[in-house]
>>> print(open('my_file.txt').read())   # compact mmCIF, C-alpha atoms
# COMPACT_ATOMS: atom_id res chain seq x y z
CA MET A 1 6.95 -8.54 -27.28
CA THR A 2 8.62 -5.61 -25.49
CA SER A 3 11.31 -6.31 -22.93
CA LEU A 4 8.96 -5.17 -20.14
CA ALA A 5 6.21 -7.56 -21.29
CA LEU A 6 8.74 -10.41 -21.40
CA TYR A 7 10.05 -9.44 -17.97
CA ALA A 8 6.54 -9.59 -16.47
CA LEU A 9 5.80 -12.82 -18.33
CA ARG A 10 8.92 -14.54 -16.98
CA ARG A 11 7.98 -13.70 -13.38
CA ALA A 12 4.39 -14.74 -13.99
CA ASP A 13 5.56 -18.09 -15.36
CA ASP A 14 7.80 -18.67 -12.31
CA ALA A 15 4.89 -18.07 -9.97
CA LEU A 16 2.33 -20.12 -11.92
CA ILE A 17 4.53 -23.16 -12.53
CA LEU A 18 5.82 -23.29 -8.96
CA GLY A 19 2.31 -22.64 -7.65
CA HIS A 20 0.97 -25.48 -9.78
CA ARG A 21 3.69 -27.81 -8.53
CA LEU A 22 2.69 -27.04 -4.94
CA SER A 23 -0.97 -27.65 -5.78
CA GLU A 24 -0.01 -31.22 -6.71
CA TRP A 25 0.59 -31.81 -2.99
CA CYS A 26 -3.05 -31.08 -2.17
CA GLY A 27 -4.38 -34.14 -0.35
CA HIS A 28 -0.92 -35.77 -0.26
CA GLY A 29 0.89 -33.72 2.40
CA PRO A 30 2.73 -35.61 5.14
CA MET A 31 0.33 -34.08 7.68
CA LEU A 32 -2.79 -31.96 7.52
CA GLU A 33 -1.05 -28.73 8.56
CA GLU A 34 1.58 -29.07 5.84
CA ASP A 35 -0.99 -30.05 3.27
CA MET A 36 -2.72 -26.74 4.01
CA ALA A 37 0.56 -24.82 4.14
CA LEU A 38 1.70 -26.00 0.71
CA ALA A 39 -1.74 -25.35 -0.77
CA ASN A 40 -1.76 -21.85 0.74
CA ILE A 41 1.73 -21.03 -0.54
CA GLY A 42 0.66 -22.32 -3.96
CA LEU A 43 -2.44 -20.13 -3.81
CA ASP A 44 -0.35 -17.03 -3.04
CA LEU A 45 1.94 -17.83 -5.98
CA ILE A 46 -0.94 -18.36 -8.39
CA GLY A 47 -2.44 -15.07 -7.19
CA GLN A 48 0.87 -13.31 -7.91
CA ALA A 49 0.93 -15.01 -11.31
CA ARG A 50 -2.53 -13.67 -12.14
CA SER A 51 -1.52 -10.07 -11.44
CA LEU A 52 1.65 -10.47 -13.48
CA TYR A 53 -0.15 -12.17 -16.40
CA GLN A 54 -2.76 -9.42 -16.46
CA TYR A 55 0.01 -6.87 -16.72
CA ALA A 56 1.92 -8.86 -19.35
CA ALA A 57 -1.27 -9.23 -21.43
CA GLU A 58 -1.94 -5.49 -21.16
CA LEU A 59 1.58 -4.75 -22.37
CA ARG A 60 1.42 -7.26 -25.22
CA ALA A 61 -1.87 -5.76 -26.40
CA ASP A 62 -2.27 -8.73 -28.75
CA GLY A 63 -5.62 -9.95 -27.48
CA SER A 64 -4.07 -12.32 -24.97
CA ASP A 65 -5.30 -12.41 -21.39
CA GLU A 66 -4.29 -14.15 -18.17
CA ASP A 67 -6.13 -17.33 -19.16
CA SER A 68 -4.74 -17.63 -22.69
CA LEU A 69 -1.21 -17.00 -21.38
CA ALA A 70 -1.59 -19.72 -18.77
CA TYR A 71 -3.58 -22.31 -20.69
CA LEU A 72 -2.80 -21.90 -24.37
CA ARG A 73 0.98 -21.62 -24.59
CA ASP A 74 3.09 -24.70 -25.14
CA ALA A 75 6.28 -25.48 -23.20
CA PRO A 76 8.77 -23.61 -25.46
CA ALA A 77 6.73 -20.41 -25.01
CA TYR A 78 7.06 -20.62 -21.22
CA ARG A 79 9.86 -18.52 -19.69
CA ASN A 80 9.99 -19.82 -16.13
CA LEU A 81 13.01 -20.87 -14.11
CA LEU A 82 13.90 -24.55 -14.49
CA LEU A 83 13.85 -24.79 -10.69
CA ALA A 84 10.10 -24.08 -10.66
CA GLU A 85 9.18 -26.94 -13.01
CA LEU A 86 11.21 -29.71 -11.35
CA PRO A 87 9.07 -32.51 -9.95
CA ASN A 88 8.07 -32.35 -6.29
CA GLY A 89 9.93 -35.52 -5.30
CA ASP A 90 9.54 -36.16 -1.59
CA PHE A 91 8.57 -33.57 1.01
CA ALA A 92 12.21 -32.64 1.68
CA ARG A 93 12.81 -31.91 -2.00
CA THR A 94 9.70 -29.73 -2.24
CA ILE A 95 10.72 -27.81 0.89
CA ILE A 96 14.31 -27.27 -0.29
CA ARG A 97 13.07 -26.09 -3.71
CA GLN A 98 10.62 -23.69 -2.05
CA PHE A 99 13.29 -22.46 0.37
CA PHE A 100 15.72 -21.66 -2.47
CA TYR A 101 13.02 -19.86 -4.43
CA SER A 102 11.69 -17.94 -1.40
CA ALA A 103 15.20 -16.94 -0.27
CA PHE A 104 15.56 -15.33 -3.70
CA ALA A 105 12.00 -13.99 -4.06
CA ASP A 106 11.88 -12.35 -0.62
CA PRO A 107 14.60 -9.73 -1.26
CA TYR A 108 13.55 -9.61 -4.93
CA TRP A 109 9.99 -8.43 -4.22
CA ARG A 110 11.16 -6.10 -1.46
CA ALA A 111 13.51 -4.41 -3.94
CA MET A 112 10.76 -4.38 -6.58
CA THR A 113 8.52 -2.25 -4.32
CA ARG A 114 10.84 0.63 -5.33
CA SER A 115 10.47 -0.05 -9.08
CA ALA A 116 9.93 2.95 -11.34
CA ASP A 117 7.08 0.93 -12.87
CA PRO A 118 4.01 1.52 -10.66
CA THR A 119 2.28 -1.76 -11.61
CA LEU A 120 5.30 -3.89 -10.78
CA ALA A 121 5.80 -1.92 -7.55
CA ALA A 122 2.16 -2.54 -6.59
CA ILE A 123 2.38 -6.27 -7.32
CA ALA A 124 5.61 -6.39 -5.31
CA ALA A 125 4.04 -4.63 -2.33
CA LYS A 126 1.48 -7.42 -2.10
CA SER A 127 3.89 -10.24 -2.87
CA GLU A 128 6.67 -9.29 -0.48
CA LYS A 129 4.67 -9.88 2.69
CA GLU A 130 3.41 -13.23 1.40
CA THR A 131 6.89 -14.30 0.32
CA ALA A 132 8.45 -13.35 3.65
CA TYR A 133 5.97 -15.68 5.32
CA HIS A 134 6.83 -18.49 2.86
CA LEU A 135 10.52 -18.02 3.53
CA ARG A 136 10.13 -18.26 7.28
CA HIS A 137 7.92 -21.33 7.00
CA THR A 138 10.17 -23.23 4.61
CA ALA A 139 13.35 -22.24 6.49
CA GLU A 140 11.92 -23.73 9.68
CA TRP A 141 11.30 -26.97 7.81
CA VAL A 142 14.80 -27.02 6.29
CA ILE A 143 16.19 -26.85 9.82
CA ARG A 144 13.78 -29.49 11.12
CA LEU A 145 14.60 -31.90 8.30
CA GLY A 146 18.36 -31.27 8.13
CA ASP A 147 18.83 -31.43 11.87
CA GLY A 148 16.24 -34.18 12.27
CA THR A 149 16.54 -37.93 11.87
CA ALA A 150 19.25 -39.66 9.84
CA GLU A 151 16.66 -40.33 7.14
CA SER A 152 15.31 -36.75 6.97
CA ALA A 153 18.88 -35.37 6.95
CA LYS A 154 19.85 -37.69 4.10
CA ARG A 155 16.87 -36.67 2.01
CA ALA A 156 17.38 -32.96 2.71
CA ARG A 157 21.09 -33.23 1.83
CA GLU A 158 20.37 -35.00 -1.46
CA ALA A 159 17.76 -32.38 -2.34
CA VAL A 160 20.16 -29.51 -1.58
CA ASP A 161 22.86 -31.08 -3.75
CA ASP A 162 20.51 -31.92 -6.63
CA LEU A 163 18.70 -28.58 -6.71
CA TRP A 164 21.66 -26.28 -6.11
CA PRO A 165 22.71 -26.22 -9.82
CA TYR A 166 19.28 -24.74 -10.60
CA THR A 167 19.72 -21.71 -8.32
CA GLY A 168 22.10 -19.81 -10.61
CA GLU A 169 19.37 -19.13 -13.15
CA MET A 170 17.54 -16.90 -10.66
CA PHE A 171 20.36 -14.36 -10.89
CA GLU A 172 20.56 -14.23 -14.67
CA ALA A 173 19.62 -11.09 -16.56
CA ASP A 174 19.90 -10.84 -20.34
CA ALA A 175 20.62 -7.62 -22.24
CA ALA A 176 16.95 -6.64 -22.33
CA GLU A 177 16.60 -7.04 -18.56
CA ARG A 178 19.83 -5.12 -17.98
CA GLY A 179 18.19 -2.30 -19.91
CA LEU A 180 15.20 -2.39 -17.56
CA VAL A 181 17.58 -2.41 -14.59
CA GLU A 182 19.24 0.73 -16.00
CA SER A 183 15.90 2.51 -16.17
CA GLY A 184 15.02 1.58 -12.59
CA ILE A 185 12.19 -0.78 -13.58
CA ALA A 186 13.71 -4.22 -13.00
CA VAL A 187 15.60 -5.44 -9.97
CA ASN A 188 19.33 -5.88 -10.46
CA PRO A 189 19.85 -9.54 -9.55
CA ASP A 190 23.52 -8.91 -8.70
CA THR A 191 22.40 -6.94 -5.63
CA LEU A 192 20.34 -9.92 -4.41
CA ARG A 193 23.13 -12.48 -4.59
CA PRO A 194 24.83 -11.62 -1.26
CA ILE A 195 21.45 -11.50 0.53
CA PHE A 196 20.52 -14.91 -0.88
CA ASP A 197 23.93 -16.41 -0.06
CA ARG A 198 23.78 -15.11 3.50
CA LYS A 199 20.30 -16.49 4.11
CA VAL A 200 21.12 -19.90 2.61
CA ALA A 201 24.35 -20.13 4.60
CA GLU A 202 22.58 -19.18 7.83
CA ILE A 203 19.71 -21.65 7.47
CA LEU A 204 21.76 -24.57 6.10
CA ALA A 205 24.28 -24.13 8.93
CA GLU A 206 21.49 -24.32 11.47
CA ALA A 207 20.16 -27.38 9.63
CA THR A 208 23.66 -28.96 9.80
CA LEU A 209 23.65 -29.14 5.98
CA ALA A 210 26.64 -28.13 3.86
CA VAL A 211 26.30 -25.32 1.35
CA PRO A 212 27.24 -26.79 -2.04
CA LYS A 213 30.33 -25.38 -3.71
CA ALA A 214 29.84 -22.88 -6.49
CA GLY A 215 29.92 -24.73 -9.78
CA TRP A 216 28.30 -25.18 -13.15
CA MET A 217 24.72 -23.98 -13.22
CA GLN A 218 21.72 -25.15 -15.25
CA SER A 219 20.11 -22.59 -17.49
CA GLY A 220 17.59 -22.30 -20.33
CA GLY A 221 14.14 -21.67 -18.88
CA ARG A 222 14.26 -17.93 -19.55
CA THR A 223 14.66 -18.56 -23.29
CA GLY A 224 12.17 -21.43 -23.46
CA ARG A 225 14.60 -24.37 -23.28
CA HIS A 226 12.96 -26.53 -20.63
CA SER A 227 13.37 -29.89 -18.99
CA GLU A 228 11.04 -32.69 -20.10
CA HIS A 229 9.09 -32.15 -16.88
CA LEU A 230 7.36 -28.95 -18.00
CA GLY A 231 5.47 -30.62 -20.84
CA HIS A 232 4.01 -33.20 -18.47
CA LEU A 233 3.03 -30.50 -16.02
CA LEU A 234 1.29 -28.50 -18.75
CA SER A 235 -0.50 -31.55 -20.11
CA GLU A 236 -2.32 -31.81 -16.80
CA MET A 237 -2.68 -28.10 -16.07
CA GLN A 238 -3.95 -27.24 -19.55
CA PHE A 239 -5.99 -30.37 -20.20
CA LEU A 240 -9.42 -28.81 -19.80
CA GLN A 241 -8.81 -25.77 -22.02
CA ARG A 242 -7.08 -27.89 -24.65
CA SER A 243 -9.85 -30.48 -24.79
CA TYR A 244 -12.76 -28.07 -24.35
CA PRO A 245 -11.52 -24.71 -25.68
CA GLY A 246 -13.20 -21.76 -24.04
CA ALA A 247 -14.94 -23.89 -21.40
CA THR A 248 -16.22 -21.86 -18.46
CA TRP A 249 -18.29 -22.63 -15.41
CA MET B 1 -15.99 18.06 -10.73
CA ARG B 2 -15.18 15.51 -8.08
CA ARG B 3 -11.91 13.70 -8.29
CA ILE B 4 -12.13 10.12 -9.33
CA ALA B 5 -9.76 7.23 -9.18
CA ALA B 6 -7.88 7.59 -12.44
CA GLY B 7 -6.39 4.34 -13.62
CA HIS B 8 -5.22 1.79 -11.14
CA PHE B 9 -2.75 3.68 -9.06
CA ASP B 10 -4.16 7.07 -8.30
CA ASP B 11 -6.77 6.55 -5.66
CA PRO B 12 -6.64 9.54 -3.31
CA HIS B 13 -9.23 8.14 -0.91
CA ALA B 14 -7.41 4.86 -0.50
CA GLU B 15 -4.21 6.72 0.32
CA VAL B 16 -5.99 8.68 3.02
CA ALA B 17 -7.49 5.58 4.55
CA GLY B 18 -4.14 3.83 4.41
CA GLU B 19 -2.40 6.55 6.38
CA ALA B 20 -5.09 6.88 8.97
CA GLY B 21 -4.77 3.41 10.46
CA PRO B 22 -7.71 1.72 12.19
CA ARG B 23 -10.88 3.74 11.91
CA SER B 24 -14.51 3.25 12.62
CA THR B 25 -17.03 2.39 9.94
CA ARG B 26 -18.44 5.89 10.32
CA ASP B 27 -15.04 7.45 9.60
CA ARG B 28 -14.58 5.24 6.60
CA HIS B 29 -17.89 6.33 5.13
CA ALA B 30 -17.04 9.94 5.80
CA SER B 31 -13.95 9.56 3.67
CA PHE B 32 -16.08 8.30 0.79
CA GLU B 33 -18.69 11.02 1.16
CA ALA B 34 -16.45 14.00 1.77
CA PRO B 35 -15.73 14.81 -1.88
CA LEU B 36 -19.44 14.72 -2.68
CA ARG B 37 -20.39 18.07 -1.22
CA GLY B 38 -20.51 20.15 -4.35
CA ALA B 39 -22.74 22.40 -6.33
CA PRO B 40 -26.54 21.92 -6.12
CA GLN B 41 -26.68 20.50 -9.65
CA ASP B 42 -24.70 17.56 -8.30
CA LYS B 43 -27.67 16.53 -6.12
CA ASP B 44 -28.71 13.65 -8.39
CA ARG B 45 -25.20 12.33 -8.59
CA GLU B 46 -24.91 12.63 -4.83
CA ARG B 47 -28.11 10.65 -4.31
CA LEU B 48 -27.00 7.95 -6.77
CA LEU B 49 -23.64 7.66 -5.07
CA ALA B 50 -25.22 7.50 -1.60
CA ARG B 51 -27.52 4.72 -2.81
CA ALA B 52 -24.57 2.83 -4.30
CA LEU B 53 -22.53 3.24 -1.15
CA ALA B 54 -25.39 2.02 1.04
CA ALA B 55 -25.80 -1.05 -1.20
CA VAL B 56 -22.15 -2.10 -1.35
CA SER B 57 -21.38 -1.31 2.30
CA VAL B 58 -23.44 -4.27 3.48
CA VAL B 59 -21.79 -6.81 1.14
CA CYS B 60 -20.00 -9.43 3.23
CA ASP B 61 -16.86 -11.47 2.70
CA PRO B 62 -18.11 -14.96 1.78
CA GLU B 63 -15.43 -16.58 3.94
CA LEU B 64 -15.93 -14.22 6.89
CA PRO B 65 -19.70 -13.70 6.77
CA VAL B 66 -19.73 -11.48 9.89
CA LEU B 67 -17.55 -8.85 8.20
CA THR B 68 -18.66 -6.42 5.54
CA ILE B 69 -16.12 -5.53 2.88
CA ALA B 70 -16.04 -2.05 4.47
CA ASP B 71 -15.17 -3.58 7.88
CA LEU B 72 -12.41 -5.57 6.23
CA GLY B 73 -10.91 -2.60 4.38
CA VAL B 74 -11.37 -4.38 1.04
CA LEU B 75 -13.80 -1.67 -0.14
CA ARG B 76 -11.60 1.26 -1.15
CA ASN B 77 -13.84 3.63 -3.02
CA VAL B 78 -17.25 4.19 -4.56
CA ALA B 79 -17.22 6.84 -7.26
CA LEU B 80 -18.96 8.08 -10.38
CA GLU B 81 -17.17 8.09 -13.69
CA GLY B 82 -19.33 9.81 -16.24
CA GLY B 83 -22.70 8.59 -15.06
CA ARG B 84 -21.43 5.16 -14.10
CA VAL B 85 -20.88 3.84 -10.59
CA VAL B 86 -17.37 2.44 -10.15
CA VAL B 87 -16.59 0.41 -7.04
CA THR B 88 -12.92 -0.06 -6.21
CA ILE B 89 -11.79 -3.03 -4.14
CA THR B 90 -8.38 -4.39 -3.18
CA PRO B 91 -7.48 -8.01 -2.38
CA THR B 92 -6.30 -9.11 1.05
CA TYR B 93 -3.91 -11.74 -0.32
CA SER B 94 -2.86 -12.02 -3.99
CA GLY B 95 -4.56 -15.37 -4.43
CA CYS B 96 -7.62 -14.76 -2.25
CA PRO B 97 -10.36 -16.74 -4.02
CA ALA B 98 -13.05 -14.67 -2.27
CA MET B 99 -12.28 -11.66 -4.49
CA ASN B 100 -14.18 -12.98 -7.50
CA MET B 101 -17.16 -13.76 -5.29
CA ILE B 102 -17.00 -10.32 -3.67
CA ALA B 103 -17.01 -8.64 -7.10
CA VAL B 104 -20.08 -10.69 -8.08
CA GLU B 105 -21.84 -9.85 -4.79
CA ILE B 106 -21.16 -6.13 -5.30
CA GLY B 107 -22.66 -6.30 -8.77
CA LEU B 108 -25.74 -8.12 -7.44
CA ALA B 109 -26.17 -5.67 -4.54
CA LEU B 110 -26.02 -2.69 -6.90
CA ASP B 111 -28.40 -4.40 -9.30
CA ARG B 112 -30.89 -4.86 -6.46
CA ALA B 113 -30.47 -1.16 -5.62
CA GLY B 114 -31.47 -0.29 -9.18
CA ILE B 115 -27.93 0.38 -10.42
CA PRO B 116 -27.42 -2.31 -13.06
CA ASP B 117 -24.42 -1.06 -15.04
CA ALA B 118 -21.83 -0.56 -12.30
CA GLN B 119 -18.20 -1.48 -12.73
CA VAL B 120 -16.09 -3.25 -10.10
CA ARG B 121 -12.41 -2.44 -10.32
CA THR B 122 -9.64 -4.24 -8.45
CA VAL B 123 -6.54 -2.28 -7.50
CA LEU B 124 -3.34 -3.54 -5.85
CA HIS B 125 -1.99 -0.21 -4.70
CA PRO B 126 -1.76 0.72 -1.93
CA ALA B 127 -1.38 -2.83 -0.66
CA TRP B 128 -4.08 -3.93 1.78
CA THR B 129 -3.10 -4.15 5.41
CA THR B 130 -4.97 -5.43 8.47
CA ASP B 131 -4.61 -1.86 9.80
CA TRP B 132 -7.56 -1.01 7.59
CA MET B 133 -9.86 -3.37 9.45
CA SER B 134 -12.34 -1.30 11.44
CA LEU B 135 -12.54 -1.55 15.24
CA ASP B 136 -16.12 -2.69 14.77
CA GLY B 137 -14.87 -5.39 12.40
CA ARG B 138 -12.30 -6.58 14.95
CA ARG B 139 -15.01 -6.86 17.61
CA LYS B 140 -17.29 -8.80 15.23
CA LEU B 141 -14.46 -11.19 14.34
CA ARG B 142 -13.75 -11.90 18.01
CA GLU B 143 -17.42 -12.56 18.72
CA TYR B 144 -17.47 -14.93 15.75
CA GLY B 145 -14.60 -16.92 17.28
CA ILE B 146 -11.68 -15.60 15.22
CA ALA B 147 -8.86 -13.78 17.02
CA PRO B 148 -8.55 -10.39 15.26
CA PRO B 149 -5.22 -8.99 14.09
CA ALA B 150 -3.51 -6.67 16.52
CA PRO B 151 -3.68 -3.00 15.46
CA GLY B 152 -0.48 -1.59 14.00
CA GLY B 153 0.17 -4.52 11.69
CA GLY B 154 2.50 -4.60 8.74
CA ARG B 155 5.58 -6.65 8.14
CA GLY B 156 6.90 -6.46 11.71
CA ALA B 157 3.67 -7.62 13.26
CA LEU B 158 3.38 -10.51 10.80
CA PHE B 159 6.41 -12.01 12.47
CA GLY B 160 6.49 -10.39 15.90
CA GLN B 161 3.01 -11.42 16.98
CA ASP B 162 3.62 -13.80 19.84
CA VAL B 163 0.68 -13.02 22.11
CA VAL B 164 -2.76 -13.79 20.71
CA ALA B 165 -5.72 -13.69 23.07
CA CYS B 166 -8.19 -16.55 22.86
CA PRO B 167 -11.44 -15.24 21.31
CA VAL B 168 -13.45 -17.61 23.50
CA CYS B 169 -12.11 -17.08 27.05
CA GLY B 170 -9.75 -14.13 26.57
CA SER B 171 -6.72 -15.97 27.94
CA GLU B 172 -3.34 -15.04 26.49
CA ASN B 173 -2.02 -18.51 27.34
CA THR B 174 -2.24 -19.67 23.71
CA GLU B 175 0.01 -21.37 21.18
CA ARG B 176 0.29 -21.56 17.42
CA LEU B 177 -0.62 -24.92 15.90
CA ALA B 178 -0.01 -24.07 12.24
CA GLU B 179 1.12 -21.02 10.31
CA PHE B 180 -1.49 -21.60 7.64
CA GLY B 181 -5.18 -22.05 8.29
CA SER B 182 -8.52 -22.48 6.58
CA THR B 183 -8.02 -19.40 4.38
CA SER B 184 -5.03 -17.37 3.16
CA CYS B 185 -5.56 -14.75 5.86
CA LYS B 186 -5.65 -17.03 8.88
CA ALA B 187 -3.38 -19.20 11.03
CA LEU B 188 -4.48 -21.95 13.41
CA TRP B 189 -3.99 -21.44 17.16
CA ARG B 190 -5.04 -23.20 20.36
CA CYS B 191 -5.94 -21.89 23.79
CA LYS B 192 -4.08 -23.68 26.58
CA SER B 193 -6.55 -22.39 29.19
CA CYS B 194 -9.91 -23.40 27.74
CA ARG B 195 -8.40 -25.88 25.21
CA GLU B 196 -10.36 -24.43 22.29
CA PRO B 197 -8.61 -24.36 18.91
CA PHE B 198 -9.27 -21.11 17.05
CA ASP B 199 -8.43 -19.21 13.87
CA TYR B 200 -6.19 -16.16 14.13
CA PHE B 201 -6.47 -13.45 11.48
CA LYS B 202 -2.83 -12.83 10.63
CA CYS B 203 -1.40 -9.30 10.83
CA HIS B 204 -0.48 -8.28 7.34
>>> encode(input="my_file.txt", output="C-alpha cells")
Amino acid sequence: MTSLALYALRRADDALILGHRLSEWCGHGPMLEEDMALANIGLDLIGQARSLYQYAAELRADGSDEDSLAYLRDAPAYRNLLLAELPNGDFARTIIRQFFYSAFADPYWRAMTRSADPTLAAIAAKSEKETAYHLRHTAEWVIRLGDGTAESAKRAREAVDDLWPYTGEMFEADAAERGLVESGIAVNPDTLRPIFDRKVAEILAEATLAVPKAGWMQSGGRTGRHSEHLGHLLSEMQFLQRSYPGATW
Amino acid sequence: MRRIAAGHFDDPHAEVAGEAGPRSTRDRHASFEAPLRGAPQDKDRERLLARALAAVSVVCDPELPVLTIADLGVLRNVALEGGRVVVTITPTYSGCPAMNMIAVEIGLALDRAGIPDAQVRTVLHPAWTTDWMSLDGRRKLREYGIAPPAPGGGRGALFGQDVVACPVCGSENTERLAEFGSTSCKALWRCKSCREPFDYFKCH
C-alpha cells in the first residue's frame, strides 16, 4: 500500500469508527434533540468515511472497495485513532470525546482544502463545514456540562482526564506521512497543535474545567495496535457481512 | 467537440454555476445548454442531450419532494461522453442518504425517456453550497413549510444566521430549538408569534 493510500485509509478509519460509535446512541440519547444531533454527526462522519474509503480503494487498486474496507478487515488492519474506538460511556464522555476530535478535525480539514491532492482537497471542502458545525455543537455541551450541576461537572471532569492521554495520537505523523507533508499533500499536524490547544483552553476555561497537564500519551492505532474495544465494535458492525458474505438488499 | 467533465475534478459548468451565486432555473438550464450549439452534424447529439436534460430536471429530492435536483443545485451537469449520457451530481452533505436514491431516480427517469445506458457520476468538487439553490427553489421550500437558507451562504452564514423568518406567518420573532433536524441539511426552529415549529434549511 502506498503512503497516500495508507494516509487516506487512516482518516477513513477515524471517521467510520467514530461515526459508528455515535450511531450506538441512536434511540438512547438523553433527549430527542441530542439523539438526533449525535445521529446526524455520526452520519456526516460515515459520509466522510465513504469518500475517503473510495479514494483509498482506488489508490490500492487491489480490488477492494469501500464496503470490503469497512466490513472485511479485522481489528489489526484498522488504522484509526484509539480515541475514536473508545466506548461511549455516559453522555459527558461521548461529548468530550467528540469535542477533542472536532477541535482537531476542524482546523485539519480547513488546512486540507489547500492540499496538492485534488481528491483530498475536495473531500476536505465538504468535511470542513460539517466539522465546524460539530465543533460548535459539542463545545456548547462541554460548557453546559462543565459549568452545570455538581454531577454533570464531575462526569465531564472525569471524561476530560480519562480521554486526554488519547489526544496526542492525533498529532502523530510517521516518516511516510512526513513525506506527504513535504510534497504538500498531507497536513502538517505540528501546525494544528497551537490551534487545538487554544480552542481546548478557551472552551474548558468557560466550562470551569481544568486543562490536563501534558504527559504520557497513548498511541498505537495508526499501526494497528488497538484497545480491546475495537474488536467488539467490529463484531457488531461487521456481523451481517461476516455471517452472510456479499449480502445486499 | 464539446467539452465534457473529465474525471472528477474538472467540471467547467459546475465552476461557472458556483461562481454565479443564486440563479433561476432558466439560467441554470442555459448553462447546461450553452456548449451544445455546434455544427449541424451535432443535431442528433443535441436532441439526445435535450431529452436527457428534460428527463433529469424533473427528478425530485426524496426528502424534499417539492424541490427538483436542479432547484437544489445537486444536478451539476448533463453531458455526452462518446454516445453515452453522463449525469453529474454532487451531494449536499457527505453522508446524505438521499444521494443513492437520487442516483436511482435519475437512472429510472432516463430509462423512461428511452435512454437506458446513462451513467450517474458523483463529484465532490466544487463543494455544494446553498447558494446554488434557485430562487424558485427557495420559494417552493417556503411554501412547503421549510424556511429556506438565506442567499449568500457559506461558512459565515452557517454560524451567523440569527434571523430566520417563519415560513408560515413570516414573523422574524423565531428561535432555534435544535441545531440538528429531521435530515442532515435542516435545523429545528420555532416561531414565537404563531407558535408553529418549523424546519430551517441550514446555510452551507
>>> closest_residue(input="my_file.txt", among="A:Ser127, A:Gln54, A:Ser102, A:Thr2", to="chain B", atoms="only C-alpha atoms")
A:Ser127
>>> residues_around(input="my_file.txt", residues="stretch 61-72 of chain B", least_positions_apart="6", cutoff="6 Å", atoms="only C-alpha atoms", output="list in words")
Met133, Ser134 and Gly137 of chain B
>>> residues_around(input="my_file.txt", residues="B:Thr90", least_positions_apart="6", cutoff="12 Å", atoms="only C-alpha atoms", output="ChimeraX atom specification")
/A:122-123,126 /B:8-9,11,14,18,69-70,72-77,96,98-100,102-103,120-129,132
>>> atom_distance(input="my_file.txt", atom1="atom CA of A:Pro165", atom2="atom CA of A:Tyr71")
28.7 Å
>>> residues_around(input="my_file.txt", residues="B:Pro149", least_positions_apart="6", cutoff="7 Å", atoms="all atoms listed in the file", output="PDB file with C-alpha atoms, in the frame of the given file")
ATOM      1  CA  THR B 130      -4.970  -5.430   8.470  1.00  0.00           C
ATOM      2  CA  PHE B 201      -6.470 -13.450  11.480  1.00  0.00           C
ATOM      3  CA  LYS B 202      -2.830 -12.830  10.630  1.00  0.00           C
ATOM      4  CA  CYS B 203      -1.400  -9.300  10.830  1.00  0.00           C
TER       5      CYS B 203
END
>>> closest_atom_pairs(input="my_file.txt", of="chain A", to="chain B", cutoff="12 Å", atoms="all atoms listed in the file", output="CSV")
residue,atom,partner,partner_atom,distance
A:Ala15,CA,B:Gly95,CA,11.3
A:Leu16,CA,B:Gly95,CA,11.2
A:Gly19,CA,B:Gly95,CA,10.5
A:Met31,CA,B:Ala178,CA,11.0
A:Leu32,CA,B:Ala178,CA,9.6
A:Glu33,CA,B:Ala178,CA,6.0
A:Glu34,CA,B:Phe180,CA,8.3
A:Asp35,CA,B:Phe180,CA,9.5
A:Met36,CA,B:Phe180,CA,6.4
A:Ala37,CA,B:Phe180,CA,5.2
A:Leu38,CA,B:Phe180,CA,8.8
A:Ala39,CA,B:Phe180,CA,9.2
A:Asn40,CA,B:Ser184,CA,6.1
A:Ile41,CA,B:Ser184,CA,8.5
A:Gly42,CA,B:Gly95,CA,8.7
A:Leu43,CA,B:Gly95,CA,5.2
A:Asp44,CA,B:Gly95,CA,4.7
A:Leu45,CA,B:Gly95,CA,7.1
A:Ile46,CA,B:Gly95,CA,6.1
A:Gly47,CA,B:Gly95,CA,3.5
A:Gln48,CA,B:Ser94,CA,5.6
A:Ala49,CA,B:Ser94,CA,8.8
A:Arg50,CA,B:Gly95,CA,8.2
A:Ser51,CA,B:Ser94,CA,7.8
A:Leu52,CA,B:Ser94,CA,10.6
A:Gln54,CA,B:Thr122,CA,11.8
A:Tyr55,CA,B:His8,CA,11.6
A:Arg110,CA,B:Arg155,CA,11.1
A:Thr113,CA,B:Ala127,CA,10.6
A:Asp117,CA,B:Phe9,CA,10.9
A:Pro118,CA,B:Phe9,CA,7.3
A:Thr119,CA,B:Phe9,CA,7.8
A:Leu120,CA,B:Leu124,CA,10.0
A:Ala121,CA,B:His125,CA,8.5
A:Ala122,CA,B:His125,CA,5.1
A:Ile123,CA,B:Leu124,CA,6.5
A:Ala124,CA,B:Ala127,CA,9.1
A:Ala125,CA,B:Ala127,CA,6.0
A:Lys126,CA,B:Ala127,CA,5.6
A:Ser127,CA,B:Ser94,CA,7.1
A:Glu128,CA,B:Arg155,CA,9.1
A:Lys129,CA,B:Arg155,CA,6.4
A:Glu130,CA,B:Tyr93,CA,7.7
A:Thr131,CA,B:Ser94,CA,10.9
A:Ala132,CA,B:Arg155,CA,8.6
A:Tyr133,CA,B:Leu158,CA,8.0
A:His134,CA,B:Glu179,CA,9.7
A:Leu135,CA,B:Phe159,CA,11.5
A:Arg136,CA,B:Phe159,CA,8.9
A:His137,CA,B:Glu179,CA,7.6
A:Thr138,CA,B:Glu179,CA,10.9
A:Glu140,CA,B:Glu179,CA,11.2
>>> atom_distance(input="my_file.txt", atom1="atom CA of B:Val78", atom2="atom CA of B:Ala109")
13.3 Å
>>> atom_distance(input="my_file.txt", atom1="atom CA of A:Ala111", atom2="atom CA of A:Val187")
6.5 Å
